[in-house]
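With mmCIF, C-alpha atoms inside, this is input_4.cif:
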```cif
data_run
#
loop_
_atom_site.group_PDB
_atom_site.id
_atom_site.type_symbol
_atom_site.label_atom_id
_atom_site.label_comp_id
_atom_site.auth_asym_id
_atom_site.auth_seq_id
_atom_site.Cartn_x
_atom_site.Cartn_y
_atom_site.Cartn_z
ATOM 1 C CA MET A 199 95.650 9.515 30.147
ATOM 2 C CA ALA A 200 94.800 13.139 30.556
ATOM 3 C CA ALA A 201 93.033 14.372 33.684
ATOM 4 C CA ASP A 202 89.898 15.120 31.666
ATOM 5 C CA THR A 203 89.651 11.617 30.166
ATOM 6 C CA ILE A 204 86.121 10.295 29.963
ATOM 7 C CA THR A 205 85.339 7.186 31.993
ATOM 8 C CA LEU A 206 82.638 4.782 30.820
ATOM 9 C CA ARG A 207 81.221 2.800 33.758
ATOM 10 C CA VAL A 208 80.236 -0.639 32.454
ATOM 11 C CA GLY A 209 78.342 -3.390 34.265
ATOM 12 C CA ASP A 210 79.180 -6.938 33.230
ATOM 13 C CA GLN A 211 77.819 -10.318 34.252
ATOM 14 C CA LYS A 212 80.592 -12.586 35.507
ATOM 15 C CA GLY A 213 83.195 -10.949 33.272
ATOM 16 C CA GLY A 214 81.718 -12.299 30.038
ATOM 17 C CA ASN A 215 81.708 -9.193 27.878
ATOM 18 C CA ARG A 216 84.892 -7.806 29.388
ATOM 19 C CA SER A 217 86.832 -10.935 28.496
ATOM 20 C CA LEU A 218 85.461 -10.909 24.931
ATOM 21 C CA LEU A 219 86.372 -7.252 24.469
ATOM 22 C CA GLU A 220 89.861 -7.709 25.876
ATOM 23 C CA ILE A 221 90.610 -10.916 23.952
ATOM 24 C CA SER A 222 89.472 -9.294 20.688
ATOM 25 C CA GLY A 223 91.893 -6.423 21.231
ATOM 26 C CA LEU A 224 89.121 -3.886 20.701
ATOM 27 C CA ALA A 225 89.694 -2.395 24.163
ATOM 28 C CA GLN A 226 93.139 -1.129 23.142
ATOM 29 C CA ASP A 227 93.843 2.558 22.556
ATOM 30 C CA LEU A 228 90.337 3.817 23.274
ATOM 31 C CA PRO A 229 89.840 7.575 23.692
ATOM 32 C CA TYR A 230 88.172 6.840 27.045
ATOM 33 C CA LYS A 231 88.731 4.646 30.070
ATOM 34 C CA ILE A 232 86.445 1.694 30.859
ATOM 35 C CA GLU A 233 85.690 1.150 34.525
ATOM 36 C CA TRP A 234 84.331 -2.393 34.857
ATOM 37 C CA SER A 235 81.971 -3.577 37.575
ATOM 38 C CA GLU A 236 81.243 -7.281 37.740
ATOM 39 C CA PHE A 237 77.817 -8.545 38.813
ATOM 40 C CA PRO A 238 76.492 -12.061 39.414
ATOM 41 C CA ALA A 239 73.240 -11.466 37.517
ATOM 42 C CA ALA A 240 71.128 -8.965 35.595
ATOM 43 C CA ALA A 241 69.048 -7.613 38.505
ATOM 44 C CA PRO A 242 71.972 -5.886 40.281
ATOM 45 C CA ILE A 243 73.168 -4.391 36.978
ATOM 46 C CA LEU A 244 69.729 -2.920 36.381
ATOM 47 C CA GLU A 245 69.600 -1.577 39.950
ATOM 48 C CA ALA A 246 72.997 0.084 39.444
ATOM 49 C CA LEU A 247 71.869 1.586 36.126
ATOM 50 C CA ASN A 248 68.672 2.884 37.713
ATOM 51 C CA ALA A 249 70.683 4.419 40.567
ATOM 52 C CA GLY A 250 73.094 6.135 38.178
ATOM 53 C CA ALA A 251 76.085 4.050 39.277
ATOM 54 C CA LEU A 252 76.671 2.673 35.750
ATOM 55 C CA ASP A 253 76.560 4.193 32.293
ATOM 56 C CA VAL A 254 75.867 0.930 30.440
ATOM 57 C CA GLY A 255 75.300 -2.720 31.238
ATOM 58 C CA TYR A 256 74.469 -5.959 29.482
ATOM 59 C CA THR A 257 71.453 -8.011 30.557
ATOM 60 C CA GLY A 258 69.022 -10.468 29.089
ATOM 61 C CA ASP A 259 65.768 -9.364 27.527
ATOM 62 C CA LEU A 260 63.361 -10.466 30.256
ATOM 63 C CA ALA A 261 65.265 -8.706 33.042
ATOM 64 C CA PHE A 262 65.488 -5.499 31.017
ATOM 65 C CA LEU A 263 61.845 -5.551 29.922
ATOM 66 C CA SER A 264 60.620 -6.149 33.479
ATOM 67 C CA VAL A 265 62.494 -3.144 34.859
ATOM 68 C CA TYR A 266 61.673 -0.961 31.854
ATOM 69 C CA ALA A 267 57.964 -1.805 32.128
ATOM 70 C CA ALA A 268 58.081 -0.830 35.803
ATOM 71 C CA GLY A 269 59.144 2.680 34.755
ATOM 72 C CA ALA A 270 62.918 2.681 35.241
ATOM 73 C CA PRO A 271 64.524 5.492 33.202
ATOM 74 C CA ILE A 272 66.697 3.165 31.099
ATOM 75 C CA LYS A 273 66.955 2.473 27.365
ATOM 76 C CA ALA A 274 68.040 -0.501 25.300
ATOM 77 C CA ILE A 275 70.814 0.550 22.923
ATOM 78 C CA GLY A 276 71.525 -2.805 21.334
ATOM 79 C CA GLY A 277 70.501 -6.398 21.239
ATOM 80 C CA THR A 278 71.580 -9.872 20.337
ATOM 81 C CA ARG A 279 69.638 -12.835 19.064
ATOM 82 C CA ALA A 280 69.963 -16.235 20.669
ATOM 83 C CA ASP A 281 69.137 -19.446 18.852
ATOM 84 C CA ALA A 282 66.521 -21.311 20.903
ATOM 85 C CA ARG A 283 68.186 -24.566 19.883
ATOM 86 C CA THR A 284 71.292 -23.540 21.863
ATOM 87 C CA GLN A 285 69.389 -22.819 25.087
ATOM 88 C CA ALA A 286 68.889 -25.417 27.801
ATOM 89 C CA ILE A 287 67.482 -25.894 31.274
ATOM 90 C CA LEU A 288 69.519 -28.428 33.195
ATOM 91 C CA VAL A 289 68.179 -30.537 36.035
ATOM 92 C CA ARG A 290 69.662 -33.381 38.020
ATOM 93 C CA GLN A 291 69.163 -36.851 36.570
ATOM 94 C CA ASP A 292 66.964 -37.880 39.512
ATOM 95 C CA SER A 293 64.770 -34.758 39.235
ATOM 96 C CA PRO A 294 61.068 -35.303 38.543
ATOM 97 C CA ILE A 295 61.220 -32.332 36.159
ATOM 98 C CA ARG A 296 61.392 -33.477 32.547
ATOM 99 C CA VAL A 297 59.936 -30.471 30.688
ATOM 100 C CA PRO A 298 59.288 -26.854 31.656
ATOM 101 C CA PRO A 299 55.844 -26.595 33.254
ATOM 102 C CA THR A 300 54.669 -23.993 30.729
ATOM 103 C CA SER A 301 56.027 -25.650 27.588
ATOM 104 C CA LYS A 302 52.630 -26.838 26.302
ATOM 105 C CA ALA A 303 51.051 -23.451 26.972
ATOM 106 C CA SER A 304 53.895 -21.650 25.205
ATOM 107 C CA GLY A 305 53.793 -23.864 22.129
ATOM 108 C CA LEU A 306 57.456 -24.788 22.507
ATOM 109 C CA PRO A 307 58.391 -28.324 21.523
ATOM 110 C CA GLU A 308 59.243 -30.569 24.429
ATOM 111 C CA ARG A 309 62.585 -32.301 24.124
ATOM 112 C CA ALA A 310 63.858 -35.220 26.093
ATOM 113 C CA ALA A 311 67.459 -35.417 27.282
ATOM 114 C CA ASP A 312 68.387 -37.263 24.096
ATOM 115 C CA GLY A 313 67.081 -34.351 22.001
ATOM 116 C CA ALA A 314 64.017 -36.175 20.670
ATOM 117 C CA SER A 315 60.878 -34.043 20.282
ATOM 118 C CA SER A 316 57.679 -35.146 21.914
#
```

What is this structure when it is put down as structure tokens?
Amino acid sequence: MAADTITLRVGDQKGGNRSLLEISGLAQDLPYKIEWSEFPAAAPILEALNAGALDVGYTGDLAFLSVYAAGAPIKAIGGTRADARTQAILVRQDSPIRVPPTSKASGLPERAADGASS
């Protein structure tokens, strides 16, 4: 690569997007270098973006919206849609928690471990 090659500093959560990009082959022969930084969660990615240590990063919607609403100079440049039926909150079998505490208030259907709606 030439000395004046552009470097894109990308924040990733636990290597998820990096592995998808590399496996797909889409990271080959780019006109710029990708410098990956791996983070355990969204909050540190957003802190790094806010501090100017990253150019782009991938986070969930709630983390982004919280920081954006607080006035951080960041922008969303893309999004993905998740199917609520593929999302889950896992608890130990002996946990007293059976449904999220706000499920009735949110209007979400409550589902038992067997998938039955209540």

Selection dump of the PyMOL selection byres ((chain A and resi 208) around 7), as a list in words: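 When the PyMOL selection byres ((chain A and resi 208) around 7) is applied, the selected residues are Leu206, Arg207, Gly209, Asp210, Ile232, Glu233, Trp234, Ser235, Leu252, Asp253, Val254 and Gly255 of chain A.
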
Can those selected residues be exported to a file as a CSV table (one decimal), keeping the file's coordinate frame so that it contains C-alpha atoms?
```csv
chain,number,residue,atom,x,y,z
A,206,LEU,CA,82.6,4.8,30.8
A,207,ARG,CA,81.2,2.8,33.8
A,209,GLY,CA,78.3,-3.4,34.3
A,210,ASP,CA,79.2,-6.9,33.2
A,232,ILE,CA,86.4,1.7,30.9
A,233,GLU,CA,85.7,1.2,34.5
A,234,TRP,CA,84.3,-2.4,34.9
A,235,SER,CA,82.0,-3.6,37.6
A,252,LEU,CA,76.7,2.7,35.8
A,253,ASP,CA,76.6,4.2,32.3
A,254,VAL,CA,75.9,0.9,30.4
A,255,GLY,CA,75.3,-2.7,31.2
```

Residues in the PyMOL selection byres ((chain A and resi 243) around 10), expressed as number ranges by chain: A: 208-211, 235-242, 244-249, 251-252, 254-257, 261-262

Test item: axis-aligned box, all listed atoms of stretch 204-218 of chain A, 8 Å on each side, centre and edges in Å rounded to one decimal, as JSON:
```
{"center_x": 82.3, "center_y": -1.1, "center_z": 30.2, "size_x": 25.0, "size_y": 38.9, "size_z": 26.6}
```

Selection under test: the PyMOL selection byres ((chain A and resi 276-280) around 10); residues as number ranges by chain: A: 256-259, 273-275, 281-285

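Note that atom CA of A:Thr205 and atom CA of A:Ile221 are 20.5 Å apart.
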
Atom-to-atom span, atom CA of A:Ile204 and atom CA of A:Pro229, Å: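 Spanning atom CA of A:Ile204 to atom CA of A:Pro229 is a straight-line distance of 7.8 Å.
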
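Between atom CA of A:Gly269 and atom CA of A:Lys212 the separation is 26.3 Å.
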